[in-house]
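Text of model-v7.cif, listed as mmCIF, C-alpha atoms and all ligand atoms:
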data_upload
#
loop_
_atom_site.label_atom_id
_atom_site.label_comp_id
_atom_site.auth_asym_id
_atom_site.auth_seq_id
_atom_site.Cartn_x
_atom_site.Cartn_y
_atom_site.Cartn_z
CA MET A 4 0.00 0.00 0.00
CA VAL A 5 1.33 3.44 -0.92
CA LYS A 6 1.64 5.78 2.07
CA PRO A 7 -0.41 8.98 1.80
CA PHE A 8 1.30 12.00 0.20
CA ILE A 9 0.53 15.23 -1.60
CA ILE A 10 2.46 17.06 -4.33
CA GLY A 11 2.00 20.49 -5.89
CA THR A 12 3.48 23.22 -8.01
CA ARG A 13 3.65 26.61 -6.34
CA ASN A 14 4.94 28.89 -3.58
CA SER A 15 7.69 26.47 -2.51
CA GLY A 16 4.94 24.03 -1.60
CA GLN A 17 4.02 25.90 1.60
CA PHE A 18 0.28 25.51 0.98
CA LEU A 19 0.75 21.71 0.98
CA HIS A 20 0.81 21.79 4.79
CA ALA A 21 -2.99 22.20 4.80
CA GLY A 22 -3.47 19.11 2.66
CA ALA A 23 -0.84 17.05 4.50
CA GLU A 24 -2.57 17.81 7.80
CA ILE A 25 -5.86 16.47 6.44
CA LEU A 26 -4.16 13.29 5.19
CA ARG A 27 -2.34 12.87 8.53
CA ASN A 28 -5.71 12.94 10.29
CA GLY A 29 -7.13 10.25 8.03
CA GLY A 30 -8.97 12.65 5.71
CA THR A 31 -9.59 12.10 2.02
CA ALA A 32 -7.32 13.04 -0.86
CA LEU A 33 -10.21 15.07 -2.30
CA ASP A 34 -10.47 17.20 0.85
CA ALA A 35 -6.67 17.53 0.98
CA VAL A 36 -6.23 18.85 -2.57
CA GLU A 37 -9.17 21.24 -2.19
CA ALA A 38 -7.84 22.66 1.10
CA ALA A 39 -4.34 23.20 -0.28
CA THR A 40 -5.69 24.82 -3.45
CA ARG A 41 -7.84 27.21 -1.41
CA LEU A 42 -4.69 28.58 0.23
CA VAL A 43 -3.10 29.32 -3.13
CA GLU A 44 -6.33 31.01 -4.27
CA LEU A 45 -6.12 33.31 -1.24
CA ASN A 46 -2.52 34.38 -1.89
CA PRO A 47 -2.65 37.96 -3.26
CA ASN A 48 0.93 37.70 -4.50
CA ASP A 49 0.08 34.88 -6.85
CA THR A 50 -1.12 36.82 -9.89
CA SER A 51 -2.43 33.88 -11.89
CA VAL A 52 -4.62 32.06 -9.36
CA GLY A 53 -7.66 33.39 -7.44
CA LEU A 54 -7.21 36.66 -5.49
CA GLY A 55 -5.02 39.05 -7.47
CA GLY A 56 -5.32 37.14 -10.74
CA ILE A 57 -4.58 39.40 -13.72
CA PRO A 58 -7.88 40.13 -15.54
CA ASN A 59 -8.91 39.52 -19.12
CA ILE A 60 -8.61 42.10 -21.90
CA LEU A 61 -11.77 43.85 -20.67
CA GLY A 62 -10.43 44.12 -17.13
CA VAL A 63 -12.58 41.31 -15.72
CA GLN A 64 -11.11 38.42 -13.72
CA GLU A 65 -12.35 35.06 -14.96
CA MET A 66 -11.38 31.90 -13.08
CA ASP A 67 -11.12 28.27 -14.18
CA ALA A 68 -10.87 25.30 -11.80
CA SER A 69 -11.43 21.56 -11.66
CA LEU A 70 -11.34 18.61 -9.31
CA MET A 71 -11.30 14.89 -10.02
CA CYS A 72 -11.77 11.88 -7.74
CA GLY A 73 -9.77 8.85 -8.88
CA LYS A 74 -11.94 6.38 -6.96
CA THR A 75 -15.35 7.29 -8.42
CA MET A 76 -14.03 9.10 -11.52
CA ASN A 77 -16.42 11.91 -10.61
CA THR A 78 -15.37 15.37 -11.73
CA GLY A 79 -16.41 18.97 -11.21
CA SER A 80 -15.26 22.03 -13.18
CA VAL A 81 -16.04 25.71 -13.53
CA GLY A 82 -14.91 28.06 -16.28
CA ALA A 83 -14.88 31.85 -16.71
CA LEU A 84 -16.26 32.19 -13.17
CA LYS A 85 -16.48 35.73 -11.77
CA GLY A 86 -16.76 37.00 -8.22
CA PHE A 87 -16.19 33.88 -6.10
CA LYS A 88 -13.36 33.60 -3.64
CA HIS A 89 -12.66 29.90 -4.12
CA PRO A 90 -13.24 28.61 -7.65
CA ILE A 91 -11.94 25.19 -6.53
CA SER A 92 -14.74 24.92 -3.95
CA VAL A 93 -17.35 25.82 -6.57
CA ALA A 94 -15.85 23.00 -8.67
CA ARG A 95 -16.17 20.74 -5.61
CA LYS A 96 -19.86 21.62 -5.38
CA VAL A 97 -20.27 20.73 -9.06
CA LEU A 98 -18.58 17.38 -8.34
CA ASP A 99 -20.68 16.67 -5.23
CA GLU A 100 -24.05 18.17 -6.14
CA ALA A 101 -24.54 18.84 -9.83
CA PRO A 102 -25.87 16.46 -12.46
CA HIS A 103 -23.30 18.07 -14.79
CA VAL A 104 -19.50 18.09 -14.82
CA LEU A 105 -18.70 21.56 -16.22
CA LEU A 106 -20.46 24.88 -15.67
CA VAL A 107 -19.25 28.17 -17.15
CA GLY A 108 -19.88 31.90 -16.88
CA ALA A 109 -23.26 33.14 -15.68
CA GLY A 110 -24.55 29.58 -15.21
CA ALA A 111 -21.60 28.67 -12.99
CA GLU A 112 -22.12 31.87 -10.97
CA HIS A 113 -25.83 31.13 -10.58
CA PHE A 114 -25.00 27.63 -9.36
CA ALA A 115 -22.36 28.97 -6.94
CA ARG A 116 -24.86 31.43 -5.45
CA VAL A 117 -27.47 28.71 -4.99
CA MET A 118 -24.82 26.56 -3.27
CA ASP A 119 -23.94 29.45 -0.93
CA CYS A 120 -20.33 29.59 -2.14
CA GLU A 121 -18.36 32.51 -0.76
CA THR A 122 -18.40 35.58 -2.99
CA GLY A 123 -15.46 37.97 -3.02
CA ASP A 124 -13.71 40.82 -4.77
CA LEU A 125 -10.58 39.27 -6.24
CA GLU A 126 -8.95 42.51 -7.37
CA THR A 127 -5.75 43.66 -5.69
CA GLU A 128 -3.75 46.87 -6.14
CA GLU A 129 -1.31 44.90 -8.25
CA SER A 130 -3.92 43.29 -10.53
CA VAL A 131 -5.53 46.69 -11.14
CA LYS A 132 -2.12 48.27 -11.73
CA VAL A 133 -1.14 45.68 -14.32
CA TYR A 134 -4.42 46.16 -16.17
CA LYS A 135 -4.16 49.96 -16.09
CA ALA A 136 -0.60 49.77 -17.36
CA PHE A 137 -1.79 47.63 -20.26
CA VAL A 138 -4.62 50.03 -21.11
CA ASN A 139 -2.35 53.09 -20.87
CA ASP A 140 0.30 51.45 -22.97
CA ALA A 141 -2.08 50.19 -25.64
CA PHE A 142 -4.55 53.05 -25.80
CA GLU A 143 -2.66 56.16 -24.79
CA HIS A 144 -3.74 58.00 -27.93
CA GLU A 145 -6.97 56.21 -28.76
CA GLY A 146 -9.11 55.74 -25.67
CA ILE A 147 -11.53 52.89 -25.19
CA ASP A 148 -15.08 52.93 -26.54
CA GLU A 149 -18.06 51.50 -24.77
CA SER A 150 -18.82 48.90 -27.42
CA GLN A 151 -15.80 46.86 -26.37
CA ALA A 152 -15.11 46.15 -30.02
CA TRP A 153 -11.72 47.71 -29.32
CA ALA A 154 -10.66 44.48 -27.62
CA VAL A 155 -10.85 42.50 -30.82
CA ASN A 156 -9.60 45.38 -32.95
CA TYR A 157 -6.63 45.89 -30.66
CA ALA A 158 -5.59 42.27 -30.87
CA ARG A 159 -6.30 42.12 -34.59
CA SER A 160 -4.18 45.20 -35.23
CA GLN A 161 -1.16 43.30 -33.95
CA ASN A 162 -2.09 40.04 -35.65
CA LEU A 163 -4.37 38.13 -33.30
CA ARG A 164 -2.23 35.03 -33.05
CA ASP A 165 1.05 36.89 -32.49
CA TRP A 166 -0.62 38.94 -29.78
CA TYR A 167 -1.82 35.83 -27.99
CA ASP A 168 1.51 34.03 -28.44
CA ARG A 169 3.23 36.86 -26.59
CA LEU A 170 0.72 36.78 -23.76
CA ALA A 171 0.52 33.04 -23.46
CA ASP A 172 4.25 32.57 -23.27
CA GLU A 173 4.83 35.01 -20.46
CA ARG A 174 1.64 35.62 -18.62
CA HIS A 175 0.09 32.49 -17.28
CA GLY A 176 0.29 30.31 -14.23
CA THR A 177 -1.75 27.61 -12.58
CA VAL A 178 -1.75 25.66 -9.35
CA ASN A 179 -1.71 21.85 -9.61
CA ILE A 180 -2.18 19.70 -6.51
CA VAL A 181 -2.55 15.91 -6.46
CA ALA A 182 -2.69 13.48 -3.53
CA ILE A 183 -3.26 9.90 -2.41
CA ASP A 184 -4.86 9.09 0.95
CA GLU A 185 -4.65 6.17 3.39
CA ASN A 186 -7.35 4.27 1.48
CA GLY A 187 -5.31 4.51 -1.71
CA ASP A 188 -7.79 7.02 -3.15
CA ILE A 189 -6.35 9.64 -5.48
CA ALA A 190 -7.57 13.19 -6.20
CA SER A 191 -6.37 16.03 -8.42
CA ALA A 192 -7.06 19.78 -8.31
CA VAL A 193 -6.28 22.64 -10.71
CA SER A 194 -7.07 26.36 -10.37
CA THR A 195 -6.10 29.42 -12.39
CA SER A 196 -7.14 32.88 -13.56
CA GLY A 197 -5.83 31.78 -16.97
CA THR A 198 -3.73 33.75 -19.39
CA ALA A 199 -3.54 37.39 -18.33
CA LEU A 200 -5.38 39.79 -20.69
CA LYS A 201 -7.01 36.84 -22.47
CA PHE A 202 -10.20 37.16 -24.47
CA PRO A 203 -13.35 37.05 -22.33
CA GLY A 204 -14.75 33.55 -22.36
CA ARG A 205 -11.43 31.90 -23.14
CA LEU A 206 -11.09 28.58 -21.30
CA GLY A 207 -7.71 26.97 -20.84
CA ASP A 208 -6.95 23.35 -20.00
CA SER A 209 -7.56 23.75 -16.25
CA PRO A 210 -11.34 23.17 -16.27
CA ILE A 211 -11.20 20.62 -19.09
CA ILE A 212 -11.01 17.14 -17.58
CA GLY A 213 -8.57 15.10 -19.63
CA ALA A 214 -6.65 18.19 -20.79
CA GLY A 215 -5.28 19.84 -17.63
CA ASN A 216 -6.50 17.38 -15.01
CA TYR A 217 -7.00 13.63 -14.73
CA CYS A 218 -6.62 10.87 -12.17
CA ASP A 219 -7.58 7.25 -11.78
CA ASN A 220 -6.96 5.14 -8.66
CA ARG A 221 -5.68 2.30 -10.84
CA TYR A 222 -2.90 4.28 -12.53
CA GLY A 223 -2.17 7.62 -10.85
CA ALA A 224 -2.67 11.34 -11.42
CA ALA A 225 -1.54 13.97 -13.93
CA THR A 226 -2.14 17.73 -14.06
CA CYS A 227 -0.80 20.49 -16.29
CA THR A 228 0.32 24.10 -16.31
CA GLY A 229 1.40 26.18 -19.28
CA ARG A 230 -0.34 27.19 -22.47
CA GLY A 231 -3.67 25.47 -21.99
CA GLU A 232 -4.55 25.42 -25.67
CA LEU A 233 -1.77 22.85 -26.20
CA ALA A 234 -2.96 20.49 -23.47
CA ILE A 235 -6.52 20.74 -24.80
CA ARG A 236 -5.36 19.80 -28.30
CA ASN A 237 -3.46 16.74 -26.99
CA SER A 238 -5.72 15.74 -24.05
CA THR A 239 -2.43 15.78 -22.18
CA ALA A 240 -3.47 14.75 -18.64
CA ARG A 241 -5.59 11.81 -19.82
CA THR A 242 -2.88 10.79 -22.27
CA ILE A 243 -0.27 10.62 -19.49
CA ILE A 244 -2.58 8.30 -17.52
CA HIS A 245 -3.09 6.23 -20.67
CA TYR A 246 0.66 5.90 -21.16
CA MET A 247 1.00 4.64 -17.57
CA GLU A 248 -1.87 2.22 -18.19
CA GLU A 249 0.14 0.92 -21.14
CA GLY A 250 3.07 0.26 -18.80
CA LEU A 251 5.24 3.38 -18.96
CA SER A 252 6.70 4.74 -15.72
CA ALA A 253 5.46 8.12 -14.48
CA LYS A 254 8.67 9.71 -15.78
CA ASP A 255 8.46 8.10 -19.22
CA ALA A 256 4.75 8.87 -19.52
CA ALA A 257 5.34 12.54 -18.66
CA SER A 258 8.28 12.72 -21.04
CA ARG A 259 6.32 11.19 -23.91
CA ALA A 260 3.41 13.60 -23.36
CA MET A 261 5.82 16.57 -23.47
CA LYS A 262 7.26 15.19 -26.72
CA ASP A 263 3.67 15.07 -28.04
CA ILE A 264 3.41 18.78 -27.22
CA HIS A 265 6.60 19.50 -29.20
CA ALA A 266 5.09 17.52 -32.09
CA LEU A 267 2.31 20.12 -32.36
CA LYS A 268 5.03 22.55 -33.48
CA ALA A 269 2.99 25.29 -31.83
CA PHE A 270 4.19 28.30 -29.89
CA GLY A 271 4.19 28.09 -26.09
CA SER A 272 5.23 25.69 -23.38
CA MET A 273 3.64 22.95 -21.29
CA ASN A 274 4.44 21.43 -17.91
CA CYS A 275 2.99 18.59 -15.88
CA ILE A 276 3.18 16.93 -12.49
CA VAL A 277 2.50 13.22 -12.31
CA PHE A 278 2.49 10.29 -9.93
CA ASP A 279 1.81 6.62 -10.54
CA ALA A 280 -0.17 4.19 -8.39
CA LYS A 281 3.07 2.99 -6.76
CA GLY A 282 3.73 6.50 -5.47
CA ASN A 283 6.53 7.52 -7.85
CA THR A 284 6.33 11.27 -8.50
CA THR A 285 7.72 13.33 -11.34
CA SER A 286 7.28 16.58 -13.20
CA ALA A 287 8.23 17.59 -16.73
CA THR A 288 8.43 20.68 -18.88
CA THR A 289 8.85 21.39 -22.58
CA ARG A 290 10.99 24.40 -21.66
CA PRO A 291 14.71 23.88 -22.07
CA ASP A 292 15.50 26.94 -19.94
CA ARG A 293 13.52 26.31 -16.76
CA GLU A 294 13.87 23.75 -13.98
CA SER A 295 10.85 21.47 -13.68
CA VAL A 296 9.95 21.40 -10.00
CA HIS A 297 7.27 19.84 -7.84
CA TRP A 298 6.94 19.88 -4.05
CA TYR A 299 6.27 16.78 -1.99
CA MET A 300 4.94 16.10 1.51
CA ASP A 301 4.05 12.83 3.18
CA MET A 302 2.96 12.13 6.72
CA GLU A 303 6.47 12.38 8.14
CA SER A 304 7.43 15.59 6.30
CA LYS A 305 8.10 18.66 8.41
CA GLU A 306 8.50 20.85 5.33
CA PRO A 307 7.78 20.38 1.63
CA GLU A 308 10.60 18.62 -0.23
CA LYS A 309 11.70 20.07 -3.55
CA ARG A 310 11.80 17.45 -6.30
CA VAL A 311 13.29 18.25 -9.67
CA GLY A 312 11.70 16.69 -12.73
CA ILE A 313 12.78 16.56 -16.35
CA ASN A 314 13.26 18.95 -19.24
CA VAL A 315 12.00 17.49 -22.49
CA ASN A 316 13.78 19.63 -25.03
CA PRO A 317 12.45 20.37 -28.50
CA PRO A 318 13.87 18.08 -31.19
CA VAL A 319 16.76 19.57 -33.17
CA ASN A 320 15.76 20.42 -36.73
CA HIS A 321 18.76 19.51 -38.87
CA ASP A 322 17.16 21.10 -41.95
CA GLU A 323 17.56 24.60 -40.53
N1 LIG B 401 -2.84 26.28 -18.06
C1 LIG B 401 -3.68 27.33 -17.71
C2 LIG B 401 -4.30 28.04 -18.82
O1 LIG B 401 -3.89 27.89 -19.96
O2 LIG B 401 -5.23 28.78 -18.59
#

Once you've parsed the file, please lay out its structure as structure tokens.
Amino acid sequence: MVKPFIIGTRNSGQFLHAGAEILRNGGTALDAVEAATRLVELNPNDTSVGLGGIPNILGVQEMDASLMCGKTMNTGSVGALKGFKHPISVARKVLDEAPHVLLVGAGAEHFARVMDCETGDLETEESVKVYKAFVNDAFEHEGIDESQAWAVNYARSQNLRDWYDRLADERHGTVNIVAIDENGDIASAVSTSGTALKFPGRLGDSPIIGAGNYCDNRYGAATCTGRGELAIRNSTARTIIHYMEEGLSAKDAASRAMKDIHALKAFGSMNCIVFDAKGNTTSATTRPDRESVHWYMDMESKEPEKRVGINVNPPVNHDE
């Protein structure tokens, strides 16, 4: 039997204490990953998750989050959610209470209100400052009209795809947390405010089960950060689980999925954290220039342990 543990991606793993405490007291992996994610969502200094997330191109913060239970294979996701303090807990309500698996926008907000989820203003001085700086920089001479058509025209004026490539390479971030409890049950959680200055209504991989989040008690867990469009195109999280089902180790499965991302020959990077049902953990990135890190805590840990994963570099093109 694998001993309970929790791994995650951000803030030197400090938020993992909340999840580890739940596991230590015999709680479920699902409760542990939700509790740890809530702490990251409350961190105002994390500008791509929850409070302080950089808004979309219209200045509105839109959150994506998802949870999966590897025992029941139940899932809950929310996308483009506005005005709720803990998107991950709204996703938990979808998992526990809704007959659906994914709610977005006004429908998700309606559901969250009915479920008495905590509302909140997620703006911080920094998130407002970043948005104002963008508006001043982009529209110093033009101003912004009420129709909001300027948002599309602005992006189009710079070539829509180039504009998004620049944003998506530099301005994104996501929290990934996955855990296994004393019953051998696995859970995975993902939360993000998505790409900063994105188009309203844009969903990344975080709320898409199979793209940014997947787990299965039989094989393990996989979650993603990076340019969500790539993980959606490759169903990256589900594919990693599939590779482990086919017999690859966690490390080889993660590596192969990152090679699949390179094969898209698309701009942007992808990262994942993974563990298999034996408790082997790993992380991987398509970036050659950045260390792939995940943080680990089990029941004996006093502090999160830094674990370095693998860089899966782009193939060399000898024709160039
Ligand atoms: N991976 C997070 C996003 O693309 O929104």

- Task: Report the distance between atom CA of Pro210 of chain A and atom CA of Glu306 of chain A in Å, rounded to one decimal place.
- Result: 29.4 Å

- Could you give me the residues within 9 Å of ligand LIG 401 (chain B), counting only C-alpha atoms and all ligand atoms, as a VMD selection string? chain A and resid 51 66 to 67 171 175 to 178 193 to 199 205 to 210 215 227 to 234 273 to 274

Keeping only C-alpha atoms, write the selected residues to a file as a short mmCIF file (atom, residue, chain, number, x, y, z; two decimals), in the frame of the given file.
data_model
loop_
_atom_site.label_atom_id
_atom_site.label_comp_id
_atom_site.auth_asym_id
_atom_site.auth_seq_id
_atom_site.Cartn_x
_atom_site.Cartn_y
_atom_site.Cartn_z
CA SER A 51 -2.43 33.88 -11.89
CA MET A 66 -11.38 31.90 -13.08
CA ASP A 67 -11.12 28.27 -14.18
CA ALA A 171 0.52 33.04 -23.46
CA HIS A 175 0.09 32.49 -17.28
CA GLY A 176 0.29 30.31 -14.23
CA THR A 177 -1.75 27.61 -12.58
CA VAL A 178 -1.75 25.66 -9.35
CA VAL A 193 -6.28 22.64 -10.71
CA SER A 194 -7.07 26.36 -10.37
CA THR A 195 -6.10 29.42 -12.39
CA SER A 196 -7.14 32.88 -13.56
CA GLY A 197 -5.83 31.78 -16.97
CA THR A 198 -3.73 33.75 -19.39
CA ALA A 199 -3.54 37.39 -18.33
CA ARG A 205 -11.43 31.90 -23.14
CA LEU A 206 -11.09 28.58 -21.30
CA GLY A 207 -7.71 26.97 -20.84
CA ASP A 208 -6.95 23.35 -20.00
CA SER A 209 -7.56 23.75 -16.25
CA PRO A 210 -11.34 23.17 -16.27
CA GLY A 215 -5.28 19.84 -17.63
CA CYS A 227 -0.80 20.49 -16.29
CA THR A 228 0.32 24.10 -16.31
CA GLY A 229 1.40 26.18 -19.28
CA ARG A 230 -0.34 27.19 -22.47
CA GLY A 231 -3.67 25.47 -21.99
CA GLU A 232 -4.55 25.42 -25.67
CA LEU A 233 -1.77 22.85 -26.20
CA ALA A 234 -2.96 20.49 -23.47
CA MET A 273 3.64 22.95 -21.29
CA ASN A 274 4.44 21.43 -17.91
#

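Atom CA of Asp184 of chain A sits 14.2 Å away from atom CA of Ala39 of chain A.
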
- Nearest to Lys254 of chain A, chosen from A:Val133, A:Val315, A:Val63, A:Leu200, with only C-alpha atoms counted in the distances: A:Val315

- Using only C-alpha atoms, find the one residue out of A:Thr40, A:Asn46, A:Asn77, A:Ser304 that sits nearest to Val181 of chain A. A:Thr40

- Item | Protein/DNA/RNA residues near (9.0, 16.0, -14.4), cut 12 Å, only C-alpha atoms, as a VMD selection string | chain A and resid 11 to 12 225 to 227 243 252 to 261 273 to 278 283 to 290 293 to 298 309 to 315

- Message: For a test of reading the model, state the distance in Å between atom CA of Ile211 of chain A and atom CA of His103 of chain A, rounded to one decimal.
- Response: 13.1 Å

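Applying the 9 Å criterion to (-6.6, 3.7, -2.5) in file coordinates and using all atoms listed in the file, one obtains the residues Met4, Val5, Gly73, Lys74, Ile183, Asp184, Glu185, Asn186, Gly187, Asp188, Ile189, Asn220, Arg221 and Ala280 of chain A.
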
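For the choices A:Ser69, A:His113, A:Arg27, A:Glu249, the atom-to-atom distance to Ala214 of chain A is smallest for A:Ser69 when using all atoms listed in the file.
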
- Item | For Asp49 of chain A: contacts at 12 Å, all atoms listed in the file, fewer than 4 positions along chain excluded, given as number ranges by chain | A: 13-14, 42-45, 53-57, 125-127, 129-130, 174-178, 194-196
